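J.: Provided herewith: start-v4.cif, mmCIF, C-alpha atoms.
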data_protein
loop_
_atom_site.group_PDB
_atom_site.id
_atom_site.type_symbol
_atom_site.label_atom_id
_atom_site.label_comp_id
_atom_site.auth_asym_id
_atom_site.auth_seq_id
_atom_site.Cartn_x
_atom_site.Cartn_y
_atom_site.Cartn_z
ATOM 1 C CA MET G 264 50.150 86.697 118.224
ATOM 2 C CA HIS G 265 47.979 84.618 115.920
ATOM 3 C CA GLU G 266 47.175 82.082 118.607
ATOM 4 C CA LEU G 267 43.556 83.292 118.636
ATOM 5 C CA SER G 268 43.256 82.661 114.865
ATOM 6 C CA VAL G 269 44.574 79.153 115.377
ATOM 7 C CA ALA G 270 42.259 78.567 118.356
ATOM 8 C CA ILE G 271 39.256 79.669 116.268
ATOM 9 C CA GLU G 272 40.324 77.231 113.546
ATOM 10 C CA VAL G 273 40.545 74.397 116.090
ATOM 11 C CA CYS G 274 36.990 75.201 117.198
ATOM 12 C CA ARG G 275 35.852 75.127 113.560
ATOM 13 C CA MET G 276 37.480 71.702 113.176
ATOM 14 C CA VAL G 277 35.699 70.425 116.303
ATOM 15 C CA GLU G 278 32.338 71.638 115.035
ATOM 16 C CA GLU G 279 32.962 70.153 111.602
ATOM 17 C CA ARG G 280 33.846 66.758 113.085
ATOM 18 C CA LEU G 281 31.340 66.540 115.940
ATOM 19 C CA GLY G 282 28.475 68.601 114.540
ATOM 20 C CA PRO G 283 25.613 68.797 117.066
ATOM 21 C CA ASP G 284 27.711 66.678 119.451
ATOM 22 C CA ALA G 285 30.199 69.536 119.897
ATOM 23 C CA SER G 286 28.618 70.146 123.303
ATOM 24 C CA ARG G 287 29.871 66.667 124.333
ATOM 25 C CA LEU G 288 33.489 67.640 123.791
ATOM 26 C CA ARG G 289 35.443 67.498 127.029
ATOM 27 C CA ARG G 290 39.032 67.847 125.879
ATOM 28 C CA VAL G 291 40.906 68.514 122.677
ATOM 29 C CA GLY G 292 44.552 67.498 122.362
ATOM 30 C CA VAL G 293 46.713 69.859 120.349
ATOM 31 C CA MET G 294 50.382 69.398 119.447
ATOM 32 C CA VAL G 295 52.525 72.489 118.844
ATOM 33 C CA GLY G 296 56.009 72.208 117.403
ATOM 34 C CA ASP G 297 58.700 74.520 118.711
ATOM 35 C CA ASP G 298 59.093 75.858 115.160
ATOM 36 C CA ALA G 299 55.370 76.425 114.585
ATOM 37 C CA GLY G 300 55.571 80.093 115.521
ATOM 38 C CA LEU G 301 53.125 79.768 118.416
ATOM 39 C CA GLU G 302 53.361 80.160 122.161
ATOM 40 C CA PRO G 303 51.725 76.997 123.615
ATOM 41 C CA ALA G 304 50.593 78.661 126.843
ATOM 42 C CA ASN G 305 48.989 81.494 124.903
ATOM 43 C CA LEU G 306 47.242 79.024 122.573
ATOM 44 C CA SER G 307 46.013 77.047 125.575
ATOM 45 C CA PHE G 308 44.583 80.222 127.114
ATOM 46 C CA CYS G 309 42.760 81.126 123.880
ATOM 47 C CA LEU G 310 41.403 77.597 123.435
ATOM 48 C CA ASP G 311 40.121 77.360 126.988
ATOM 49 C CA ALA G 312 38.361 80.701 126.592
ATOM 50 C CA LEU G 313 36.609 79.583 123.394
ATOM 51 C CA LEU G 314 35.870 76.008 124.468
ATOM 52 C CA GLY G 315 34.067 77.239 127.562
ATOM 53 C CA GLN G 316 31.467 78.973 125.380
ATOM 54 C CA PRO G 317 28.555 77.563 123.327
ATOM 55 C CA PRO G 318 28.282 75.417 121.325
ATOM 56 C CA PHE G 319 30.839 73.730 123.534
ATOM 57 C CA GLY G 320 29.964 72.727 127.047
ATOM 58 C CA ALA G 321 32.865 72.689 129.433
ATOM 59 C CA ALA G 322 35.751 71.536 127.307
ATOM 60 C CA THR G 323 39.412 72.275 127.878
ATOM 61 C CA ALA G 324 42.534 72.053 125.777
ATOM 62 C CA ALA G 325 45.569 69.860 126.370
ATOM 63 C CA VAL G 326 48.359 71.576 124.492
ATOM 64 C CA SER G 327 51.595 69.604 124.175
ATOM 65 C CA SER G 328 54.927 70.598 122.684
ATOM 66 C CA CYS G 329 57.215 68.770 120.318
ATOM 67 C CA SER G 330 60.164 69.636 118.113
ATOM 68 C CA GLY G 331 59.710 70.802 114.534
ATOM 69 C CA PRO G 332 56.999 72.724 112.700
ATOM 70 C CA ASP G 333 54.017 70.475 113.553
ATOM 71 C CA LEU G 334 50.719 72.092 114.427
ATOM 72 C CA ARG G 335 47.894 69.614 114.683
ATOM 73 C CA VAL G 336 44.898 68.311 116.583
ATOM 74 C CA ASP G 337 45.797 64.865 117.910
ATOM 75 C CA TYR G 338 42.557 63.787 119.572
ATOM 76 C CA TYR G 339 39.137 64.715 120.840
ATOM 77 C CA GLU G 340 37.671 63.379 124.079
ATOM 78 C CA VAL G 341 33.910 63.170 123.935
ATOM 79 C CA ASP G 342 31.468 62.404 126.760
ATOM 80 C CA ASP G 343 29.127 59.714 125.494
ATOM 81 C CA ASP G 344 26.886 60.073 128.553
ATOM 82 C CA ASP G 345 25.878 63.692 128.153
ATOM 83 C CA PRO G 346 23.451 64.425 131.033
ATOM 84 C CA ASN G 347 21.539 66.770 128.750
ATOM 85 C CA ASP G 348 20.388 63.804 126.650
ATOM 86 C CA MET S 176 30.552 59.541 132.510
ATOM 87 C CA THR S 177 31.928 57.583 129.576
ATOM 88 C CA ILE S 178 34.747 59.358 127.807
ATOM 89 C CA ARG S 179 35.557 58.247 124.291
ATOM 90 C CA THR S 180 38.796 59.327 122.662
ATOM 91 C CA ILE S 181 38.790 60.056 118.935
ATOM 92 C CA GLU S 182 42.321 60.100 117.577
ATOM 93 C CA VAL S 183 42.662 62.249 114.490
ATOM 94 C CA ARG S 184 46.106 63.866 113.931
ATOM 95 C CA GLU S 185 44.628 66.622 111.754
ATOM 96 C CA ARG S 186 46.806 69.549 110.609
ATOM 97 C CA ILE S 187 45.332 72.788 111.905
ATOM 98 C CA MET S 188 46.488 74.748 108.856
ATOM 99 C CA ALA S 189 44.932 72.216 106.456
ATOM 100 C CA LYS S 190 41.882 74.346 105.647
ATOM 101 C CA ASN S 191 43.949 77.476 105.028
ATOM 102 C CA ASP S 192 46.323 75.481 102.843
ATOM 103 C CA GLU S 193 43.402 74.017 100.893
ATOM 104 C CA LEU S 194 42.095 77.531 100.174
ATOM 105 C CA ALA S 195 45.633 78.699 99.328
ATOM 106 C CA SER S 196 45.774 75.946 96.726
ATOM 107 C CA GLU S 197 42.560 77.330 95.258
ATOM 108 C CA VAL S 198 44.124 80.828 95.134
ATOM 109 C CA ARG S 199 47.180 79.323 93.428
ATOM 110 C CA ARG S 200 44.986 77.495 90.917
ATOM 111 C CA ARG S 201 43.067 80.653 90.014
ATOM 112 C CA LEU S 202 46.267 82.662 89.618
ATOM 113 C CA ALA S 203 47.838 79.941 87.458
ATOM 114 C CA GLU S 204 44.694 79.833 85.313
ATOM 115 C CA HIS S 205 45.341 83.489 84.431
ATOM 116 C CA ASP S 206 49.140 83.096 84.382
ATOM 117 C CA ILE S 207 49.557 85.608 87.214
ATOM 118 C CA THR S 208 52.766 85.771 89.235
ATOM 119 C CA SER S 209 52.192 86.683 92.883
ATOM 120 C CA PHE S 210 54.348 87.825 95.757
ATOM 121 C CA ASN S 211 53.456 88.192 99.420
ATOM 122 C CA LEU S 212 55.242 91.232 100.901
ATOM 123 C CA VAL S 213 55.870 90.760 104.612
ATOM 124 C CA SER S 214 57.676 92.947 107.113
ATOM 125 C CA SER S 215 57.446 94.732 110.420
ATOM 126 C CA PRO S 216 55.336 97.913 110.454
ATOM 127 C CA GLY S 217 57.139 100.895 108.956
ATOM 128 C CA SER S 218 59.721 99.027 106.895
ATOM 129 C CA GLY S 219 58.524 100.710 103.694
ATOM 130 C CA LYS S 220 56.363 98.102 101.977
ATOM 131 C CA THR S 221 53.828 100.664 100.839
ATOM 132 C CA MET S 222 56.420 103.096 99.504
ATOM 133 C CA LEU S 223 58.193 100.279 97.671
ATOM 134 C CA LEU S 224 54.868 99.402 96.066
ATOM 135 C CA GLU S 225 54.146 103.049 95.259
ATOM 136 C CA ARG S 226 57.453 103.316 93.388
ATOM 137 C CA THR S 227 56.907 99.932 91.738
ATOM 138 C CA LEU S 228 53.387 100.795 90.580
ATOM 139 C CA GLY S 229 54.472 104.220 89.400
ATOM 140 C CA THR S 230 57.360 102.882 87.306
ATOM 141 C CA VAL S 231 56.389 99.409 86.041
ATOM 142 C CA GLY S 232 52.757 99.111 87.148
ATOM 143 C CA GLU S 233 51.312 99.377 83.650
ATOM 144 C CA GLU S 234 54.180 97.568 81.927
ATOM 145 C CA LEU S 235 53.839 94.521 84.184
ATOM 146 C CA GLY S 236 50.069 94.663 84.759
ATOM 147 C CA ILE S 237 50.411 94.933 88.517
ATOM 148 C CA SER S 238 47.437 94.582 90.869
ATOM 149 C CA VAL S 239 47.632 94.849 94.634
ATOM 150 C CA VAL S 240 45.795 93.365 97.601
ATOM 151 C CA THR S 241 46.724 95.272 100.731
ATOM 152 C CA GLY S 242 45.946 94.208 104.264
ATOM 153 C CA ASP S 243 45.799 96.380 107.340
ATOM 154 C CA VAL S 244 44.449 95.908 110.843
ATOM 155 C CA GLN S 245 42.477 99.125 110.525
ATOM 156 C CA THR S 246 42.032 101.875 107.882
ATOM 157 C CA GLN S 247 42.382 101.755 104.121
ATOM 158 C CA ASN S 248 45.237 104.275 104.191
ATOM 159 C CA ASP S 249 47.696 102.086 102.301
ATOM 160 C CA ALA S 250 45.150 101.246 99.604
ATOM 161 C CA GLU S 251 44.393 104.943 99.169
ATOM 162 C CA ARG S 252 48.097 105.778 98.879
ATOM 163 C CA LEU S 253 48.633 103.060 96.290
ATOM 164 C CA ALA S 254 45.538 104.015 94.301
ATOM 165 C CA HIS S 255 47.278 107.282 93.356
ATOM 166 C CA HIS S 256 49.854 105.282 91.389
ATOM 167 C CA THR S 257 47.682 102.925 89.373
ATOM 168 C CA THR S 258 44.493 102.876 87.342
ATOM 169 C CA ARG S 259 43.781 99.359 88.568
ATOM 170 C CA LEU S 260 41.760 98.510 91.617
ATOM 171 C CA VAL S 261 43.763 98.268 94.838
ATOM 172 C CA GLN S 262 41.821 95.817 96.941
ATOM 173 C CA ALA S 263 41.946 96.653 100.636
ATOM 174 C CA VAL S 264 41.416 93.975 103.262
ATOM 175 C CA VAL S 265 40.805 95.359 106.736
ATOM 176 C CA THR S 266 41.426 92.487 109.113
ATOM 177 C CA GLY S 267 39.647 94.125 112.038
ATOM 178 C CA GLY S 268 42.300 93.159 114.546
ATOM 179 C CA ALA S 269 43.779 90.021 113.030
ATOM 180 C CA CYS S 270 47.547 90.191 112.717
ATOM 181 C CA HIS S 271 47.818 88.544 109.287
ATOM 182 C CA LEU S 272 45.949 87.854 106.075
ATOM 183 C CA ASP S 273 44.613 84.355 105.438
ATOM 184 C CA SER S 274 43.759 82.526 102.247
ATOM 185 C CA ARG S 275 39.995 82.898 102.728
ATOM 186 C CA GLN S 276 40.466 86.679 102.611
ATOM 187 C CA MET S 277 42.688 86.274 99.561
ATOM 188 C CA LEU S 278 40.050 84.259 97.705
ATOM 189 C CA GLU S 279 37.468 86.958 98.411
ATOM 190 C CA ALA S 280 39.924 89.672 97.322
ATOM 191 C CA LEU S 281 40.554 87.886 94.019
ATOM 192 C CA ASP S 282 36.863 88.187 93.216
ATOM 193 C CA ALA S 283 37.257 91.974 93.148
ATOM 194 C CA ILE S 284 40.319 92.010 90.888
ATOM 195 C CA ASP S 285 40.297 91.919 87.100
ATOM 196 C CA LEU S 286 42.452 88.821 86.750
ATOM 197 C CA THR S 287 42.408 88.920 82.964
ATOM 198 C CA GLU S 288 44.272 92.255 83.016
ATOM 199 C CA THR S 289 46.718 91.271 85.764
ATOM 200 C CA ARG S 290 50.151 89.719 85.212
ATOM 201 C CA LEU S 291 51.722 90.398 88.595
ATOM 202 C CA LEU S 292 49.880 90.448 91.915
ATOM 203 C CA PHE S 293 51.380 91.901 95.070
ATOM 204 C CA ILE S 294 49.901 91.046 98.428
ATOM 205 C CA GLU S 295 50.894 93.629 101.007
ATOM 206 C CA ASN S 296 50.451 91.734 104.236
ATOM 207 C CA VAL S 297 49.781 93.201 107.669
ATOM 208 C CA GLY S 298 52.954 94.700 109.152
ATOM 209 C CA ASN S 299 54.119 91.972 111.497
ATOM 210 C CA LEU S 300 57.262 89.827 111.383
ATOM 211 C CA VAL S 301 55.687 86.904 113.250
ATOM 212 C CA CYS S 302 52.203 85.834 112.240
ATOM 213 C CA PRO S 303 52.152 86.222 108.422
ATOM 214 C CA ALA S 304 55.034 83.731 108.241
ATOM 215 C CA SER S 305 52.646 80.907 109.140
ATOM 216 C CA TRP S 306 49.960 81.567 106.543
ATOM 217 C CA ASP S 307 50.236 80.436 102.947
ATOM 218 C CA LEU S 308 48.192 82.820 100.787
ATOM 219 C CA GLY S 309 48.754 81.015 97.499
ATOM 220 C CA GLU S 310 51.661 83.233 96.500
ATOM 221 C CA ARG S 311 54.692 82.194 94.463
ATOM 222 C CA ALA S 312 57.016 83.463 97.185
ATOM 223 C CA LYS S 313 57.210 85.626 100.250
ATOM 224 C CA ILE S 314 59.408 88.699 100.035
ATOM 225 C CA VAL S 315 60.529 90.047 103.390
ATOM 226 C CA VAL S 316 61.257 93.764 103.568
ATOM 227 C CA PHE S 317 63.385 95.099 106.391
ATOM 228 C CA SER S 318 64.864 98.511 106.762
ATOM 229 C CA VAL S 319 68.197 99.714 108.040
ATOM 230 C CA THR S 320 66.507 101.513 110.929
ATOM 231 C CA GLU S 321 65.368 98.199 112.399
ATOM 232 C CA GLY S 322 68.725 96.681 113.329
ATOM 233 C CA GLU S 323 70.663 94.038 111.481
ATOM 234 C CA ASP S 324 69.718 91.208 113.848
ATOM 235 C CA LYS S 325 66.081 91.028 112.688
ATOM 236 C CA PRO S 326 66.686 87.692 110.883
ATOM 237 C CA LEU S 327 67.936 86.124 114.118
ATOM 238 C CA LYS S 328 65.057 87.543 116.150
ATOM 239 C CA TYR S 329 62.388 86.481 113.645
ATOM 240 C CA PRO S 330 63.885 83.377 112.002
ATOM 241 C CA LYS S 331 60.624 81.815 110.818
ATOM 242 C CA MET S 332 59.809 84.792 108.629
ATOM 243 C CA PHE S 333 63.262 84.782 107.051
ATOM 244 C CA ARG S 334 63.114 81.024 106.563
ATOM 245 C CA GLU S 335 59.740 81.261 104.831
ATOM 246 C CA ALA S 336 60.853 84.079 102.513
ATOM 247 C CA ARG S 337 62.664 83.505 99.241
ATOM 248 C CA TYR S 338 63.758 87.128 98.775
ATOM 249 C CA ALA S 339 64.748 89.936 101.139
ATOM 250 C CA VAL S 340 64.593 93.641 100.363
ATOM 251 C CA ILE S 341 66.833 95.760 102.569
ATOM 252 C CA ASN S 342 65.153 99.150 102.378
ATOM 253 C CA LYS S 343 66.047 102.729 103.341
ATOM 254 C CA VAL S 344 69.724 102.294 102.390
ATOM 255 C CA ASP S 345 69.854 106.090 101.931
ATOM 256 C CA LEU S 346 69.888 106.257 105.748
ATOM 257 C CA LEU S 347 73.001 104.086 106.119
ATOM 258 C CA PRO S 348 75.300 107.076 106.832
ATOM 259 C CA TYR S 349 73.111 107.990 109.804
ATOM 260 C CA VAL S 350 72.316 104.671 111.484
ATOM 261 C CA PRO S 351 74.499 101.956 113.007
ATOM 262 C CA PHE S 352 73.449 99.241 110.555
ATOM 263 C CA ASP S 353 75.997 96.823 109.103
ATOM 264 C CA VAL S 354 74.589 95.524 105.794
ATOM 265 C CA ASP S 355 77.110 92.674 105.517
ATOM 266 C CA ARG S 356 76.291 91.515 109.027
ATOM 267 C CA ALA S 357 72.543 91.685 108.316
ATOM 268 C CA ILE S 358 72.989 89.571 105.187
ATOM 269 C CA ASP S 359 75.200 87.128 107.086
ATOM 270 C CA TYR S 360 72.559 86.747 109.817
ATOM 271 C CA ALA S 361 69.841 86.221 107.215
ATOM 272 C CA LEU S 362 71.890 83.596 105.380
ATOM 273 C CA GLN S 363 72.476 81.771 108.667
ATOM 274 C CA VAL S 364 68.701 81.405 108.892
ATOM 275 C CA ASN S 365 68.057 80.797 105.193
ATOM 276 C CA PRO S 366 71.060 80.126 102.944
ATOM 277 C CA GLU S 367 68.865 80.352 99.821
ATOM 278 C CA LEU S 368 67.692 83.918 100.466
ATOM 279 C CA GLN S 369 68.328 86.427 97.652
ATOM 280 C CA PHE S 370 68.773 90.114 98.450
ATOM 281 C CA PHE S 371 67.954 93.535 97.079
ATOM 282 C CA GLN S 372 69.324 96.721 98.606
ATOM 283 C CA VAL S 373 67.108 99.674 97.820
ATOM 284 C CA SER S 374 65.874 103.023 98.897
ATOM 285 C CA ALA S 375 62.245 103.262 97.883
ATOM 286 C CA LEU S 376 62.454 106.960 98.794
ATOM 287 C CA THR S 377 65.389 107.954 96.565
ATOM 288 C CA GLY S 378 65.089 105.175 93.979
ATOM 289 C CA ARG S 379 68.534 103.740 94.666
ATOM 290 C CA GLY S 380 68.697 100.037 93.752
ATOM 291 C CA LEU S 381 65.208 99.958 92.294
ATOM 292 C CA GLY S 382 66.457 99.243 88.764
ATOM 293 C CA GLU S 383 67.618 95.813 89.851
ATOM 294 C CA TRP S 384 64.289 95.278 91.638
ATOM 295 C CA PHE S 385 62.280 96.185 88.543
ATOM 296 C CA ASP S 386 64.444 93.916 86.340
ATOM 297 C CA PHE S 387 63.801 91.089 88.790
ATOM 298 C CA LEU S 388 60.046 91.653 88.498
ATOM 299 C CA ARG S 389 60.268 91.745 84.697
ATOM 300 C CA ARG S 390 61.994 88.344 84.742
ATOM 301 C CA GLN S 391 59.465 86.928 87.202
ATOM 302 C CA VAL S 392 56.418 87.643 85.057
ATOM 303 C CA LEU S 393 58.046 85.632 82.275
ATOM 304 C CA VAL S 394 58.126 82.528 84.488
ATOM 305 C CA PRO S 395 54.880 80.539 84.128
ATOM 306 C CA ALA S 396 52.662 81.170 87.171
ATOM 307 C CA GLY S 397 52.476 77.500 88.084
ATOM 308 C CA ALA S 398 56.280 77.191 88.253
#
Could I get this structure in the form of C-alpha cells?
T.:
Amino acid sequence: MHELSVAIEVCRMVEERLGPDASRLRRVGVMVGDDAGLEPANLSFCLDALLGQPPFGAATAAVSSCSGPDLRVDYYEVDDDDPND
Amino acid sequence: MTIRTIEVRERIMAKNDELASEVRRRLAEHDITSFNLVSSPGSGKTMLLERTLGTVGEELGISVVTGDVQTQNDAERLAHHTTRLVQAVVTGGACHLDSRQMLEALDAIDLTETRLLFIENVGNLVCPASWDLGERAKIVVFSVTEGEDKPLKYPKMFREARYAVINKVDLLPYVPFDVDRAIDYALQVNPELQFFQVSALTGRGLGEWFDFLRRQVLVPAGA
C-alpha cells in the first residue's frame, strides 16, 4: 500500500542526482526484494505515473525482483542527446 | 539518441533511515525511551494508550505522537488522560508515518519533560513495518477478534516488532481465538518476540505491561 510513498522517494532521488537534467531521464531501474513488503507491479504502476509528469519527460521504470529485503535504485538511463537542448 | 547508464545501487529507504537516525539522536540526547505502536485498525492501540497515560503517564513522563489518515480523534481522546501535549500527525492519505513527520512532531514536544515517547502509528499491518521512525522498538498490538493467524498473514510486521500485545482478552470466552496457537504462529515468524496479554478495557494484564514500561525507562535511551 505504500508503493506510492516509495515511488515519490525514487523521484526525489532522481531529482537530487540529475538536478535540471531530470527531464533527460528515460528509465530508472529499481530492485525489489520479495521481503521488502512491496508489490512490484504496483510500484511499477506508481513510478510510471509519476515519471510521465514534469520535471521528467517520458521516463519509465524497470522494476525487477530478487530474494531478500532489498529495495534500491540500481541505475538511471539518461538521454544525452535531449532534443530540447 | 545516446543513452548513458548511470549505475548507482542506492537504497530507497536511505533518506528515511538518515532522518530516523536524527530522531534517535535527539531522543538519546534527552534520554527518552520510545516505542512505535503498530497494528491493524481497531486493535485497541488508542485505548491501551489511554489506560497507560491515565495510570503511569505522569510517573513515567509519557508523551505521545499519534498518526491518523484523517481526523485528530485519537489525539483528542488521549488528551483527556494527560496534561502533556499529544501531537497529532494527519497523514492526509498516507498509510504510515515516516521519520520526516517524526522529526517535525518532536519540535512540538517538550523533550526535557519526557521520559517515554509513544508513537501511535497509522492502523495498518503492512506499511508501517517498512519505516524506521527512530524508535527503540516496534510493539505490535493485535486483538483476539482479529484471528490468531495474523502473524502468518503479516509476517514482516511481526518480524520487525520486538514485543506483541494481545489485546481484548476479556472477549476470549466469546470468540474462537486460540491464544497458544497465536503465540506459536508469531514465534514461527519471530522467535525473539515477547508477549503481553491484556484487556485495555477491563485492565486485565496491564500491571505486567506497566512494570515493563517502568523497566524500559531505566534503560539508557541509546541502548
J.: For a quick check of understanding, using all atoms listed in the file, which of S:Gln363, S:Thr246, S:Thr266, S:Gln372 has the smallest distance to chain G?
T.: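 Using all atoms listed in the file, chain G sits closest to S:Thr266.
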J.: Grab the atom CA of Leu228 of chain S to atom CA of Phe371 of chain S distance for me, in Å with one decimal place.
T.: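 Between atom CA of Leu228 of chain S and atom CA of Phe371 of chain S the gap works out to 17.5 Å.
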J.: What do you get, as a ChimeraX atom specification, if you spell out every residue that the PyMOL selection byres ((chain S) within 12 of (chain G)) selects here?
T.: /S:176-191,266,268-273,299-306,329-332,334-335
J.: Calculated over all atoms listed in the file, which of the candidates S:Ile207, S:Ile314, S:Val319, S:Ala361 has the smallest distance to Asp285 of chain S?
T.: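 Nearest candidate to Asp285 of chain S out of S:Ile207, S:Ile314, S:Val319, S:Ala361: S:Ile207.
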J.: For a test of reading the model, state the distance in Å between atom CA of Gly296 of chain G and atom CA of Ser328 of chain G, rounded to one decimal.
T.: 5.6 Å
J.: What separation in Å, quoted to one decimal, exists between atom CA of Glu204 of chain S and atom CA of Ala250 of chain S?
T.: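 Between these atoms lies a distance of 25.7 Å.
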J.: Since I can't run it myself right now, could you work out what the PyMOL selection byres ((chain S and resi 205) around 12) selects here and report it as JSON, numbers by chain?
T.: {"S": [198, 199, 200, 201, 202, 203, 204, 206, 207, 208, 209, 281, 284, 285, 286, 287, 288, 289, 290, 291, 292, 392, 395, 396, 397]}
J.: Using all atoms listed in the file, pick whichever of G:Cys309, G:Arg280, G:Ser286, G:Glu302 has the shortest atom-to-atom distance to Ala322 of chain G.
T.: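 Checking each candidate against Ala322 of chain G, we get G:Ser286 as the closest.
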J.: Of the candidates S:Ile341, S:Arg356, S:Thr257, S:Glu279, which one gets nearest to Trp384 of chain S if we count only C-alpha atoms?
T.: S:Ile341
J.: So what does the PyMOL selection byres ((chain S and resi 347) around 12) actually pick up in this one, as a list in words?
T.: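 With the shown file as input, the PyMOL selection byres ((chain S and resi 347) around 12) matches Ser318, Val319, Thr320, Glu321, Gly322, Glu323, Ile341, Asn342, Lys343, Val344, Asp345, Leu346, Pro348, Tyr349, Val350, Pro351, Phe352, Asp353, Val354, Gln372, Val373 and Ser374 of chain S.
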J.: Please rebuild segment 257-273 of chain S with N, CA and C atoms and give the result as a compact mmCIF listing (two decimals), in the coordinates of the input.
T.:
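Result saved to selection.txt:
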# COMPACT_ATOMS: atom_id res chain seq x y z
N THR S 257 48.14 103.94 90.31
CA THR S 257 47.68 102.92 89.37
C THR S 257 46.24 103.20 88.97
N THR S 258 45.89 102.77 87.77
CA THR S 258 44.49 102.88 87.34
C THR S 258 43.71 101.62 87.73
N ARG S 259 44.44 100.61 88.19
CA ARG S 259 43.78 99.36 88.57
C ARG S 259 43.24 99.44 89.99
N LEU S 260 42.32 98.56 90.28
CA LEU S 260 41.76 98.51 91.62
C LEU S 260 42.82 98.04 92.61
N VAL S 261 42.94 98.74 93.72
CA VAL S 261 43.76 98.27 94.84
C VAL S 261 42.79 97.74 95.88
N GLN S 262 42.82 96.44 96.07
CA GLN S 262 41.82 95.82 96.94
C GLN S 262 42.30 95.84 98.38
N ALA S 263 41.58 96.57 99.22
CA ALA S 263 41.95 96.65 100.64
C ALA S 263 41.25 95.55 101.43
N VAL S 264 42.00 94.93 102.33
CA VAL S 264 41.42 93.98 103.26
C VAL S 264 41.69 94.50 104.66
N VAL S 265 40.65 94.89 105.36
CA VAL S 265 40.80 95.36 106.74
C VAL S 265 40.54 94.16 107.64
N THR S 266 41.55 93.74 108.37
CA THR S 266 41.43 92.49 109.11
C THR S 266 40.65 92.65 110.41
N GLY S 267 40.44 93.89 110.83
CA GLY S 267 39.65 94.12 112.04
C GLY S 267 40.30 93.59 113.30
N GLY S 268 41.61 93.61 113.34
CA GLY S 268 42.30 93.16 114.55
C GLY S 268 43.22 91.98 114.31
N ALA S 269 42.92 91.19 113.29
CA ALA S 269 43.78 90.02 113.03
C ALA S 269 45.15 90.49 112.54
N CYS S 270 46.17 89.75 112.94
CA CYS S 270 47.55 90.19 112.72
C CYS S 270 48.15 89.64 111.43
N HIS S 271 47.32 89.13 110.53
CA HIS S 271 47.82 88.54 109.29
C HIS S 271 46.65 88.40 108.33
N LEU S 272 46.96 88.24 107.05
CA LEU S 272 45.95 87.85 106.08
C LEU S 272 45.87 86.33 106.04
N ASP S 273 44.71 85.80 105.64
CA ASP S 273 44.61 84.36 105.44
C ASP S 273 44.08 84.09 104.03
